[in-house]
$ cat my_file.txt   # compact mmCIF, C-alpha atoms and all ligand atoms
# COMPACT_ATOMS: atom_id res chain seq x y z
CA MET B 3 -37.50 -2.97 -40.85
CA GLY B 4 -38.36 0.69 -40.46
CA GLN B 5 -36.56 3.17 -38.28
CA ARG B 6 -36.58 2.09 -34.63
CA GLY B 7 -38.09 4.29 -31.97
CA PHE B 8 -36.33 7.17 -30.28
CA ALA B 9 -35.75 5.41 -26.97
CA THR B 10 -34.37 2.35 -28.73
CA ARG B 11 -32.04 4.42 -30.90
CA GLN B 12 -30.68 6.41 -27.96
CA LEU B 13 -29.54 3.09 -26.53
CA HIS B 14 -28.49 1.08 -29.54
CA GLU B 15 -27.25 3.52 -32.21
CA CYS B 16 -23.67 3.25 -31.06
CA PRO B 17 -20.95 1.19 -32.73
CA ARG B 18 -19.87 -1.95 -30.88
CA GLY B 19 -17.25 -4.54 -31.42
CA ALA B 20 -13.67 -4.66 -32.60
CA ALA B 21 -11.80 -1.52 -31.59
CA PRO B 22 -8.68 -0.10 -33.26
CA THR B 23 -5.44 -0.63 -31.32
CA ALA B 24 -5.07 2.35 -29.01
CA ARG B 25 -1.53 2.92 -27.70
CA ALA B 26 -2.76 4.19 -24.32
CA THR B 27 -4.74 1.65 -22.32
CA PRO B 28 -8.39 1.91 -23.37
CA ILE B 29 -10.79 2.68 -20.53
CA TYR B 30 -13.40 -0.06 -20.46
CA LEU B 31 -15.77 1.98 -18.33
CA THR B 32 -18.51 -0.61 -18.45
CA ALA B 33 -20.35 -2.65 -15.89
CA GLY B 34 -20.28 -5.68 -18.14
CA PHE B 35 -19.41 -7.28 -21.44
CA GLU B 36 -21.53 -8.74 -24.20
CA PHE B 37 -21.32 -12.44 -24.87
CA ASP B 38 -20.48 -12.57 -28.58
CA GLU B 39 -21.57 -16.18 -28.91
CA TYR B 40 -24.25 -17.95 -26.93
CA GLY B 41 -21.83 -20.51 -25.46
CA GLN B 42 -19.53 -17.85 -24.00
CA ALA B 43 -21.95 -17.16 -21.17
CA ALA B 44 -21.81 -20.74 -19.91
CA ALA B 45 -18.05 -20.90 -20.49
CA HIS B 46 -17.60 -17.79 -18.36
CA PHE B 47 -19.75 -19.02 -15.50
CA GLY B 48 -18.37 -22.55 -15.75
CA GLN B 49 -14.67 -22.11 -16.39
CA GLY B 50 -14.20 -18.39 -15.77
CA GLU B 51 -13.42 -17.70 -19.42
CA GLY B 52 -13.59 -14.22 -20.92
CA TYR B 53 -15.21 -11.10 -19.52
CA ALA B 54 -18.73 -10.79 -18.20
CA TYR B 55 -18.98 -8.33 -15.32
CA THR B 56 -16.45 -5.75 -14.12
CA ARG B 57 -16.47 -6.95 -10.53
CA ILE B 58 -15.07 -10.25 -11.84
CA GLY B 59 -12.75 -8.91 -14.53
CA ASN B 60 -12.13 -5.86 -16.70
CA PRO B 61 -9.33 -5.29 -19.25
CA THR B 62 -8.42 -1.80 -17.96
CA ILE B 63 -8.11 -3.11 -14.40
CA GLU B 64 -6.14 -6.11 -15.61
CA ALA B 65 -3.75 -3.87 -17.53
CA ALA B 66 -2.73 -2.10 -14.30
CA GLU B 67 -2.51 -5.47 -12.51
CA HIS B 68 -0.20 -6.83 -15.19
CA THR B 69 2.19 -3.88 -14.90
CA LEU B 70 2.25 -3.99 -11.10
CA ALA B 71 2.90 -7.73 -10.96
CA SER B 72 5.87 -7.20 -13.25
CA LEU B 73 7.28 -4.21 -11.34
CA GLU B 74 7.04 -6.07 -8.01
CA ASP B 75 8.54 -9.23 -9.53
CA GLY B 76 5.41 -11.04 -8.47
CA SER B 77 3.34 -13.64 -10.21
CA GLN B 78 -0.03 -11.85 -10.22
CA ALA B 79 -1.58 -8.66 -8.92
CA LEU B 80 -5.12 -7.79 -7.87
CA LEU B 81 -6.22 -4.16 -8.09
CA LEU B 82 -8.73 -2.95 -5.50
CA ALA B 83 -10.60 0.22 -4.66
CA SER B 84 -8.20 1.46 -1.95
CA GLY B 85 -5.18 0.50 0.08
CA GLN B 86 -7.46 -0.42 2.97
CA ALA B 87 -9.31 -2.78 0.63
CA ALA B 88 -6.01 -4.35 -0.40
CA THR B 89 -4.97 -5.04 3.19
CA SER B 90 -8.45 -6.29 4.11
CA VAL B 91 -8.71 -8.63 1.14
CA ALA B 92 -5.14 -9.91 1.57
CA LEU B 93 -5.82 -10.80 5.22
CA LEU B 94 -9.32 -12.19 4.65
CA ALA B 95 -7.92 -14.46 1.94
CA LEU B 96 -5.70 -16.12 4.54
CA LEU B 97 -7.43 -15.90 7.91
CA GLU B 98 -10.62 -17.13 9.51
CA ALA B 99 -12.18 -16.79 12.96
CA GLY B 100 -9.98 -18.25 15.67
CA GLN B 101 -6.78 -17.46 13.82
CA HIS B 102 -4.05 -14.95 14.48
CA VAL B 103 -1.80 -12.35 12.85
CA VAL B 104 1.60 -11.16 14.03
CA SER B 105 2.15 -7.56 13.00
CA SER B 106 4.82 -4.95 13.36
CA THR B 107 3.77 -2.19 15.76
CA HIS B 108 5.05 0.33 13.20
CA ILE B 109 2.15 0.38 10.76
CA TYR B 110 -0.36 2.71 9.17
CA GLU B 111 -3.08 3.70 11.65
CA GLY B 112 -5.82 2.49 9.28
CA THR B 113 -4.26 -0.97 9.30
CA ARG B 114 -3.99 -0.93 13.09
CA ALA B 115 -7.69 -0.04 13.38
CA LEU B 116 -8.60 -2.80 10.89
CA LEU B 117 -6.68 -5.35 12.95
CA ASN B 118 -7.80 -4.08 16.35
CA ASP B 119 -11.46 -3.30 15.68
CA ASN B 120 -12.75 -5.06 12.60
CA LEU B 121 -10.74 -8.28 12.54
CA THR B 122 -11.06 -8.70 16.29
CA ARG B 123 -14.84 -8.63 15.88
CA LEU B 124 -14.47 -11.39 13.30
CA GLY B 125 -12.52 -13.49 15.80
CA ILE B 126 -9.07 -12.81 14.38
CA GLU B 127 -6.50 -11.64 16.91
CA THR B 128 -3.27 -9.70 16.43
CA THR B 129 -0.07 -9.72 18.44
CA TYR B 130 2.26 -6.78 17.84
CA VAL B 131 6.04 -6.89 17.63
CA ASP B 132 7.64 -3.61 18.61
CA ALA B 133 11.31 -4.65 18.35
CA ILE B 134 10.93 -5.47 14.66
CA GLU B 135 14.70 -5.85 14.21
CA ASP B 136 14.60 -8.85 16.56
CA THR B 137 13.70 -12.05 14.68
CA GLU B 138 13.30 -13.87 17.99
CA ALA B 139 10.54 -11.43 18.94
CA TRP B 140 8.70 -12.38 15.73
CA GLU B 141 9.30 -16.06 16.40
CA ALA B 142 8.07 -15.76 19.99
CA ALA B 143 4.80 -14.09 18.93
CA ILE B 144 3.83 -16.94 16.56
CA ARG B 145 1.13 -19.33 17.79
CA PRO B 146 -0.17 -22.57 16.26
CA GLU B 147 -3.10 -20.57 14.82
CA THR B 148 -0.96 -17.78 13.30
CA ARG B 149 -1.54 -17.53 9.56
CA ALA B 150 0.35 -14.38 8.52
CA LEU B 151 3.10 -11.98 9.52
CA PHE B 152 2.57 -8.33 8.56
CA ALA B 153 4.93 -5.35 8.34
CA GLU B 154 5.68 -2.24 6.30
CA SER B 155 8.80 -1.92 4.16
CA ILE B 156 9.35 1.67 5.36
CA SER B 157 7.14 2.57 8.28
CA ASN B 158 5.19 5.59 9.34
CA ALA B 159 6.06 7.61 11.50
CA THR B 160 9.72 6.85 12.26
CA ASN B 161 10.88 5.36 8.92
CA ARG B 162 11.67 1.96 10.44
CA LEU B 163 12.90 -0.64 7.95
CA ILE B 164 12.38 -4.33 8.33
CA ASP B 165 14.89 -7.05 7.50
CA ILE B 166 12.47 -8.70 5.09
CA ALA B 167 14.68 -11.73 4.37
CA ALA B 168 15.13 -12.52 8.07
CA VAL B 169 11.45 -12.14 8.97
CA ALA B 170 10.40 -14.09 5.85
CA ASP B 171 12.62 -16.95 7.06
CA VAL B 172 10.76 -16.96 10.37
CA ALA B 173 7.40 -17.03 8.55
CA HIS B 174 8.49 -19.80 6.20
CA ARG B 175 9.73 -21.99 9.05
CA HIS B 176 6.07 -21.99 10.14
CA GLY B 177 4.68 -22.46 6.62
CA ILE B 178 2.97 -19.06 6.67
CA PRO B 179 3.37 -15.98 4.46
CA LEU B 180 4.99 -12.62 5.19
CA ILE B 181 2.84 -9.71 3.95
CA ILE B 182 4.62 -6.42 3.33
CA ASP B 183 2.86 -3.10 2.86
CA ASN B 184 5.21 -1.53 0.32
CA THR B 185 3.36 1.77 -0.07
CA PHE B 186 6.18 4.00 1.22
CA ALA B 187 9.01 2.35 -0.75
CA THR B 188 7.24 1.54 -4.03
CA PRO B 189 8.61 -1.23 -6.26
CA TYR B 190 11.04 1.26 -7.76
CA LEU B 191 13.02 1.42 -4.51
CA LEU B 192 12.30 -1.99 -2.99
CA ARG B 193 10.74 -5.23 -4.21
CA PRO B 194 9.87 -7.25 -1.09
CA ILE B 195 9.24 -10.45 -3.06
CA GLU B 196 12.89 -10.45 -4.22
CA HIS B 197 13.84 -10.58 -0.52
CA GLY B 198 11.50 -13.44 0.35
CA ALA B 199 8.16 -11.76 1.10
CA ASP B 200 5.12 -13.68 -0.14
CA VAL B 201 2.47 -11.02 -0.48
CA VAL B 202 2.83 -7.29 -1.10
CA VAL B 203 0.06 -4.77 -0.52
CA HIS B 204 -0.11 -1.18 -1.69
CA SER B 205 -2.11 1.93 -1.31
CA ALA B 206 -2.06 2.84 -5.01
CA SER B 207 -3.58 6.18 -3.97
CA LYS B 208 -0.08 7.28 -3.00
CA PHE B 209 3.08 6.95 -5.11
CA LEU B 210 1.74 4.50 -7.70
CA ALA B 211 -0.87 7.00 -8.87
CA GLY B 212 1.30 9.93 -7.79
CA HIS B 213 -1.10 12.59 -9.02
CA GLY B 214 -3.34 12.45 -5.97
CA SER B 215 -6.49 12.18 -8.09
CA VAL B 216 -7.81 8.73 -7.18
CA LEU B 217 -7.81 6.02 -4.54
CA GLY B 218 -6.71 2.50 -5.28
CA GLY B 219 -5.00 -0.49 -3.75
CA ALA B 220 -3.22 -3.61 -4.88
CA ILE B 221 -2.16 -7.04 -3.73
CA VAL B 222 0.80 -8.66 -5.45
CA ASP B 223 1.55 -12.31 -4.76
CA SER B 224 4.85 -14.13 -5.24
CA GLY B 225 3.02 -17.16 -6.63
CA THR B 226 4.96 -19.50 -4.34
CA PHE B 227 2.16 -21.04 -2.29
CA ASP B 228 3.32 -24.56 -1.48
CA ALA B 229 0.34 -26.88 -1.09
CA GLU B 230 2.49 -29.75 0.24
CA ARG B 231 4.08 -27.62 2.92
CA SER B 232 1.19 -25.33 3.86
CA GLY B 233 -2.00 -26.97 2.61
CA ALA B 234 -3.00 -28.17 6.07
CA LEU B 235 -2.71 -24.61 7.40
CA PHE B 236 -4.85 -23.18 4.59
CA PRO B 237 -7.44 -25.88 3.89
CA HIS B 238 -9.60 -23.50 1.82
CA LEU B 239 -6.83 -23.36 -0.78
CA VAL B 240 -6.51 -27.13 -1.16
CA ALA B 241 -10.09 -28.30 -0.61
CA PRO B 242 -11.81 -29.75 -3.69
CA GLY B 243 -14.02 -27.30 -5.58
CA ARG B 244 -17.78 -27.63 -5.96
CA ASN B 245 -18.96 -31.00 -7.26
CA GLY B 246 -15.49 -32.49 -6.94
CA THR B 247 -13.84 -30.03 -9.33
CA PRO B 248 -10.09 -29.45 -8.78
CA SER B 249 -8.97 -27.43 -5.76
CA LEU B 250 -7.58 -23.91 -6.13
CA ALA B 251 -4.07 -25.26 -5.58
CA GLU B 252 -4.61 -27.89 -8.28
CA ARG B 253 -6.00 -25.31 -10.68
CA THR B 254 -3.61 -22.44 -10.00
CA GLY B 255 -0.57 -24.00 -8.31
CA GLY B 256 1.54 -21.42 -6.46
CA ASP B 257 -1.06 -18.75 -7.22
CA ALA B 258 -3.70 -20.30 -4.96
CA ARG B 259 -3.56 -17.42 -2.44
CA ILE B 260 -4.21 -14.64 -4.93
CA ALA B 261 -6.66 -16.81 -6.88
CA TYR B 262 -8.72 -17.15 -3.70
CA ALA B 263 -8.49 -13.38 -3.10
CA ARG B 264 -9.55 -12.72 -6.72
CA GLU B 265 -12.29 -15.35 -6.98
CA SER B 266 -13.73 -15.58 -3.49
CA VAL B 267 -12.86 -12.55 -1.38
CA ALA B 268 -12.71 -9.43 -3.57
CA PRO B 269 -15.86 -10.12 -5.62
CA ARG B 270 -17.90 -11.01 -2.52
CA PHE B 271 -16.83 -8.18 -0.21
CA GLY B 272 -16.90 -6.08 -3.36
CA PRO B 273 -14.16 -3.38 -3.27
CA THR B 274 -13.82 -3.30 -7.07
CA PRO B 275 -11.91 -0.30 -8.44
CA SER B 276 -13.50 1.83 -11.13
CA PRO B 277 -11.92 1.11 -14.54
CA LEU B 278 -11.41 4.88 -14.80
CA ASN B 279 -9.38 4.85 -11.58
CA ALA B 280 -7.46 1.81 -12.82
CA PHE B 281 -6.59 3.77 -15.96
CA LEU B 282 -5.41 6.77 -13.90
CA ILE B 283 -3.30 4.51 -11.67
CA GLY B 284 -1.83 2.92 -14.79
CA GLN B 285 -0.99 6.38 -16.14
CA GLY B 286 0.69 7.22 -12.85
CA ILE B 287 2.76 4.05 -12.83
CA GLU B 288 4.22 4.97 -16.22
CA THR B 289 6.28 7.73 -14.54
CA LEU B 290 6.90 6.05 -11.15
CA SER B 291 10.68 5.70 -11.48
CA ILE B 292 11.43 9.31 -12.37
CA ARG B 293 9.05 10.68 -9.75
CA VAL B 294 10.36 8.50 -6.93
CA GLU B 295 13.98 9.11 -7.93
CA ARG B 296 13.43 12.88 -7.80
CA GLN B 297 11.33 12.70 -4.63
CA SER B 298 14.03 10.65 -2.87
CA GLU B 299 16.77 13.12 -3.90
CA ASN B 300 14.68 16.06 -2.73
CA ALA B 301 13.79 14.31 0.54
CA LEU B 302 17.42 13.55 1.34
CA ALA B 303 18.37 17.17 0.73
CA VAL B 304 15.47 18.47 2.85
CA ALA B 305 16.20 15.98 5.67
CA GLN B 306 19.89 16.91 5.71
CA TRP B 307 19.01 20.59 5.78
CA LEU B 308 16.47 20.14 8.60
CA ALA B 309 18.95 18.08 10.64
CA GLY B 310 21.31 21.07 10.65
CA ARG B 311 18.75 23.57 11.91
CA PRO B 312 18.75 24.68 15.57
CA GLU B 313 14.91 24.78 15.68
CA ILE B 314 14.72 21.07 14.86
CA ALA B 315 15.04 18.48 17.65
CA SER B 316 15.24 15.38 15.45
CA VAL B 317 14.75 14.10 11.91
CA ASP B 318 13.55 10.50 11.42
CA TYR B 319 14.71 9.84 7.87
CA VAL B 320 16.29 6.48 7.11
CA GLY B 321 18.58 8.16 4.57
CA LEU B 322 20.45 9.92 7.38
CA PRO B 323 23.36 7.99 8.97
CA SER B 324 21.90 8.93 12.39
CA HIS B 325 18.77 6.80 11.76
CA ARG B 326 18.78 3.47 13.63
CA ASP B 327 17.95 1.49 10.48
CA HIS B 328 20.34 3.28 8.13
CA ARG B 329 22.53 0.16 8.04
CA LEU B 330 19.63 -1.90 6.65
CA ALA B 331 19.04 0.74 3.99
CA ALA B 332 22.29 -0.25 2.27
CA ALA B 333 20.78 -3.68 1.56
CA TYR B 334 17.16 -2.72 1.04
CA LEU B 335 17.15 0.79 -0.42
CA PRO B 336 20.17 1.12 -2.72
CA ASP B 337 18.39 3.49 -5.13
CA GLY B 338 17.01 6.05 -2.66
CA TYR B 339 15.39 6.26 0.74
CA GLY B 340 11.89 7.35 -0.16
CA SER B 341 10.32 10.69 0.53
CA VAL B 342 7.99 10.38 3.52
CA PHE B 343 9.49 11.07 6.92
CA THR B 344 8.92 12.92 10.17
CA PHE B 345 10.86 15.58 11.99
CA THR B 346 10.26 17.15 15.37
CA VAL B 347 10.45 20.85 16.00
CA HIS B 348 11.45 22.31 19.39
CA GLY B 349 8.52 24.11 20.97
CA GLY B 350 5.90 21.36 20.75
CA ALA B 351 2.44 21.56 19.21
CA GLU B 352 2.41 25.35 19.10
CA ALA B 353 5.66 25.53 17.14
CA ALA B 354 4.42 22.78 14.82
CA GLN B 355 1.23 24.73 14.12
CA ARG B 356 3.15 27.95 13.49
CA LEU B 357 5.46 26.12 11.09
CA VAL B 358 2.60 24.57 9.10
CA GLU B 359 0.79 27.89 8.93
CA GLY B 360 3.93 29.59 7.68
CA LEU B 361 4.42 27.27 4.70
CA GLU B 362 3.32 28.26 1.22
CA VAL B 363 4.77 25.62 -1.13
CA PHE B 364 3.92 22.64 1.09
CA THR B 365 0.24 21.69 1.18
CA HIS B 366 -1.29 20.96 4.59
CA MET B 367 -3.19 17.70 4.05
CA THR B 368 -3.41 14.02 4.97
CA HIS B 369 -2.03 12.22 1.98
CA LEU B 370 1.41 11.16 0.78
CA GLY B 371 3.29 10.10 -2.31
CA ASP B 372 1.89 13.03 -4.26
CA VAL B 373 4.00 14.95 -6.79
CA ARG B 374 3.40 17.97 -4.53
CA SER B 375 5.04 18.31 -1.13
CA LEU B 376 2.62 17.75 1.74
CA ILE B 377 2.79 18.21 5.50
CA LEU B 378 0.70 16.90 8.40
CA HIS B 379 0.75 17.08 12.21
CA PRO B 380 0.26 13.41 13.22
CA ALA B 381 -0.41 13.95 16.95
CA SER B 382 -3.60 15.91 16.21
CA THR B 383 -4.66 13.97 13.09
CA SER B 384 -3.62 10.44 12.02
CA HIS B 385 -2.51 9.44 15.53
CA VAL B 386 -5.12 11.35 17.54
CA GLY B 387 -6.95 8.11 18.44
CA LEU B 388 -3.98 6.84 20.47
CA GLY B 389 -3.00 7.74 24.01
CA SER B 390 -0.06 10.12 24.32
CA ASP B 391 2.17 7.29 25.62
CA GLU B 392 1.29 5.15 22.61
CA ARG B 393 2.02 8.09 20.33
CA LEU B 394 5.39 8.70 21.97
CA ALA B 395 6.25 5.00 21.62
CA LEU B 396 5.59 5.36 17.89
CA GLY B 397 7.79 8.45 17.65
CA VAL B 398 4.92 10.93 17.45
CA GLU B 399 5.64 13.84 19.76
CA PRO B 400 3.63 17.07 20.09
CA GLY B 401 6.13 18.85 17.82
CA THR B 402 6.39 16.06 15.22
CA LEU B 403 5.45 16.79 11.61
CA ARG B 404 5.25 14.34 8.72
CA VAL B 405 6.27 15.45 5.29
CA SER B 406 5.87 13.78 1.92
CA ILE B 407 8.35 15.44 -0.38
CA GLY B 408 7.30 16.11 -3.96
CA ILE B 409 9.07 16.83 -7.22
CA GLU B 410 9.32 20.63 -6.86
CA ASP B 411 12.66 22.44 -7.17
CA VAL B 412 14.36 21.55 -3.91
CA GLU B 413 15.56 25.14 -3.33
CA ASP B 414 11.92 26.21 -3.16
CA LEU B 415 11.10 23.53 -0.58
CA ILE B 416 14.06 24.46 1.61
CA GLY B 417 13.30 28.16 1.15
CA ASP B 418 9.69 27.57 2.19
CA LEU B 419 10.77 25.68 5.33
CA ALA B 420 13.40 28.33 6.14
CA ALA B 421 10.84 31.12 5.92
CA ALA B 422 8.33 29.23 8.06
CA LEU B 423 10.97 28.25 10.62
CA ALA B 424 11.95 31.90 10.97
CA GLN B 425 8.40 32.51 12.17
CA VAL B 426 8.64 29.70 14.75
CA GLY B 427 11.95 30.97 16.06
CA SER B 428 10.51 32.93 18.97
CA ILE B 429 8.52 29.96 20.34
CA VAL B 430 11.49 27.66 19.93
CA GLY B 431 13.76 30.15 21.66
CA ALA B 432 11.36 30.33 24.60
CA ALA B 433 11.05 26.53 24.77
CA ARG B 434 14.80 25.96 24.79
CA VAL B 435 15.71 28.25 27.68
C1 LIG U 1 -2.61 5.30 2.81
C2 LIG U 1 -2.05 4.02 3.28
C3 LIG U 1 -2.86 2.88 3.38
C4 LIG U 1 -4.34 2.91 3.07
O1 LIG U 1 -4.54 3.21 1.74
P1 LIG U 1 -5.86 3.94 1.18
O2 LIG U 1 -5.63 3.94 -0.29
O3 LIG U 1 -5.91 5.30 1.79
O4 LIG U 1 -7.02 3.10 1.57
C5 LIG U 1 -2.28 1.70 3.79
N1 LIG U 1 -0.97 1.65 4.11
C6 LIG U 1 -0.17 2.73 4.03
C7 LIG U 1 1.26 2.59 4.43
C8 LIG U 1 -0.68 3.95 3.63
O5 LIG U 1 0.12 5.02 3.57
$ encode --input "my_file.txt" --output "structure tokens" --more "lines below"
Ligand SMILES: *Cc1c(COP(=O)(O)O)cnc(C)c1O
Amino acid sequence: MGQRGFATRQLHECPRGAAPTARATPIYLTAGFEFDEYGQAAAHFGQGEGYAYTRIGNPTIEAAEHTLASLEDGSQALLLASGQAATSVALLALLEAGQHVVSSTHIYEGTRALLNDNLTRLGIETTYVDAIEDTEAWEAAIRPETRALFAESISNATNRLIDIAAVADVAHRHGIPLIIDNTFATPYLLRPIEHGADVVVHSASKFLAGHGSVLGGAIVDSGTFDAERSGALFPHLVAPGRNGTPSLAERTGGDARIAYARESVAPRFGPTPSPLNAFLIGQGIETLSIRVERQSENALAVAQWLAGRPEIASVDYVGLPSHRDHRLAAAYLPDGYGSVFTFTVHGGAEAAQRLVEGLEVFTHMTHLGDVRSLILHPASTSHVGLGSDERLALGVEPGTLRVSIGIEDVEDLIGDLAAALAQVGSIVGAARV
């Protein structure tokens, strides 16, 4: 056979097949995979064997999933394109029209909007529990059609903690799972599954990646779905497959929940992460422990310093003994208290603006968990869609600022805040007389 044409060679003159063993995770940036033998195609479509198309499976994505499942002490993980995708897929894997979620009031605003706007339009209602320390309040909100409880391990904006074991007990008495958004704590500080949670969701865009370069999300499942106990509540997990094939629960046992999310929700709604992003999240995870350890140390030092300043009205950091949930932190956060918290400056919105504008080391942006220190004014940004009473109930006052503390030298962070606070002094002085 003579030389093939130019257009053919530009496509096919590229080595394929067995790769050397790279120590870093190879990036399989490919839409799909070749079937090496004819029968593999049918085996993939029939029994789900091997790789075919990245929306269904990709080794780079699976590498990050494997690590995350291990770090969360879960059974399996599912990587998705964003944290919002993770929460959406986790909920859609459990709930259908006519059913109900009980959620903590103290949640990410994107989650609240998903529950209030999008899921409501799909016929799924949410009841909120504000007194999240009160297990009877959780119990009282549960209806016959409730299929999940939802909370955050450390909440935005006031750093509330949740007694995961106690709320998981309430959920399990009703045969339903407790879902914990563990974005703020990360598995380095807190592993909800060890305390009884059933499903963990993450925005991997935050601490897991850490570098602030990509978006991603993850679901981690405990693998403890009990078909005997809960099959009647989740018939889609125990119903026979097509043509009388085994049900998900028969095929995957305790992993039926995440198997349904992986096989029937994520690939249909379609929030597949790019393999390149999966690689970058995997790279981030490799340094999670040292970043979060340093960030927590820095955050404690900054919070303590702020709490002693006359310009500051309050500091909502669970690492401070003055925080209402500090007692729970002894059980749930023995290795550090995280690095995202709010504080409120005397002098309201004007003082907050002056402070942000006076900072040089902190970056003014809406993100968190980055290696850099970040600051945001929630009342005019993340929480602007709420009424001022709702904001106040969530601990967001006109002078409240949220920080996400990075890995810089802590003296530089405190120095930056000191210099900026000096510029707010006049407003604060006026406000306090
Ligand atoms: C950012 C965030 C999300 C949403 O994640 P994205 O990756 O931005 O989609 C969900 N929960 C919490 C607690 C977050 O901080």
$ residues_around --input "my_file.txt" --residues "stretch 314-322 of chain B" --least-positions-apart "5" --cutoff "7 Å" --atoms "all atoms listed in the file" --output "MDAnalysis selection string"
chainID B and resid 160:161 302 305 308:309 327:328 339 343:348
$ residues_around --input "my_file.txt" --residues "B:Leu278" --least-positions-apart "5" --cutoff "9 Å" --atoms "all atoms listed in the file" --output "PyMOL selection string"
chain B and resi 29-31+62-63+283
$ residues_around --input "my_file.txt" --residues "B:Ile409" --least-positions-apart "3" --cutoff "8 Å" --atoms "all atoms listed in the file" --output "JSON list (two decimals) with C-alpha atoms, keeping the file's coordinate frame"
[["chain", "number", "residue", "atom", "x", "y", "z"],
["B", 293, "ARG", "CA", 9.05, 10.68, -9.75],
["B", 296, "ARG", "CA", 13.43, 12.88, -7.80],
["B", 297, "GLN", "CA", 11.33, 12.70, -4.63],
["B", 300, "ASN", "CA", 14.68, 16.06, -2.73],
["B", 373, "VAL", "CA", 4.00, 14.95, -6.79],
["B", 374, "ARG", "CA", 3.40, 17.97, -4.53],
["B", 375, "SER", "CA", 5.04, 18.31, -1.13],
["B", 412, "VAL", "CA", 14.36, 21.55, -3.91]]
$ closest_residue --input "my_file.txt" --among "B:Leu82, B:Ala331, B:Leu73, B:Ala206" --to "ligand LIG 1 (chain U)" --atoms "only C-alpha atoms and all ligand atoms"
B:Ala206
$ residues_near_ligand --input "my_file.txt" --ligand "ligand LIG 1 (chain U)" --cutoff "10 Å" --atoms "all atoms listed in the file" --output "compact mmCIF listing (two decimals) with C-alpha atoms, keeping the file's coordinate frame"
# COMPACT_ATOMS: atom_id res chain seq x y z
CA LEU B 82 -8.73 -2.95 -5.50
CA ALA B 83 -10.60 0.22 -4.66
CA SER B 84 -8.20 1.46 -1.95
CA GLY B 85 -5.18 0.50 0.08
CA GLN B 86 -7.46 -0.42 2.97
CA ALA B 87 -9.31 -2.78 0.63
CA ALA B 88 -6.01 -4.35 -0.40
CA THR B 89 -4.97 -5.04 3.19
CA SER B 90 -8.45 -6.29 4.11
CA HIS B 108 5.05 0.33 13.20
CA ILE B 109 2.15 0.38 10.76
CA TYR B 110 -0.36 2.71 9.17
CA GLU B 111 -3.08 3.70 11.65
CA GLY B 112 -5.82 2.49 9.28
CA THR B 113 -4.26 -0.97 9.30
CA ARG B 114 -3.99 -0.93 13.09
CA ALA B 153 4.93 -5.35 8.34
CA GLU B 154 5.68 -2.24 6.30
CA SER B 155 8.80 -1.92 4.16
CA ILE B 156 9.35 1.67 5.36
CA SER B 157 7.14 2.57 8.28
CA ASN B 158 5.19 5.59 9.34
CA ALA B 159 6.06 7.61 11.50
CA ILE B 182 4.62 -6.42 3.33
CA ASP B 183 2.86 -3.10 2.86
CA ASN B 184 5.21 -1.53 0.32
CA THR B 185 3.36 1.77 -0.07
CA PHE B 186 6.18 4.00 1.22
CA ALA B 187 9.01 2.35 -0.75
CA VAL B 203 0.06 -4.77 -0.52
CA HIS B 204 -0.11 -1.18 -1.69
CA SER B 205 -2.11 1.93 -1.31
CA ALA B 206 -2.06 2.84 -5.01
CA SER B 207 -3.58 6.18 -3.97
CA LYS B 208 -0.08 7.28 -3.00
CA PHE B 209 3.08 6.95 -5.11
CA VAL B 216 -7.81 8.73 -7.18
CA LEU B 217 -7.81 6.02 -4.54
CA GLY B 218 -6.71 2.50 -5.28
CA GLY B 219 -5.00 -0.49 -3.75
CA ALA B 220 -3.22 -3.61 -4.88
CA VAL B 342 7.99 10.38 3.52
CA THR B 368 -3.41 14.02 4.97
CA HIS B 369 -2.03 12.22 1.98
CA LEU B 370 1.41 11.16 0.78
CA GLY B 371 3.29 10.10 -2.31
$ closest_residue --input "my_file.txt" --among "B:Arg162, B:Ala92, B:His366, B:Gly246" --to "B:Pro179" --atoms "all atoms listed in the file"
B:Ala92
$ residues_around --input "my_file.txt" --residues "stretch 194-202 of chain B" --least-positions-apart "5" --cutoff "6 Å" --atoms "all atoms listed in the file" --output "JSON, numbers by chain"
{"B": [167, 170, 179, 180, 181, 182, 183, 221, 222, 223, 224]}
$ closest_residue --input "my_file.txt" --among "B:Asp165, B:Asp132, B:Glu313, B:Asp372" --to "B:Ser406" --atoms "all atoms listed in the file"
B:Asp372
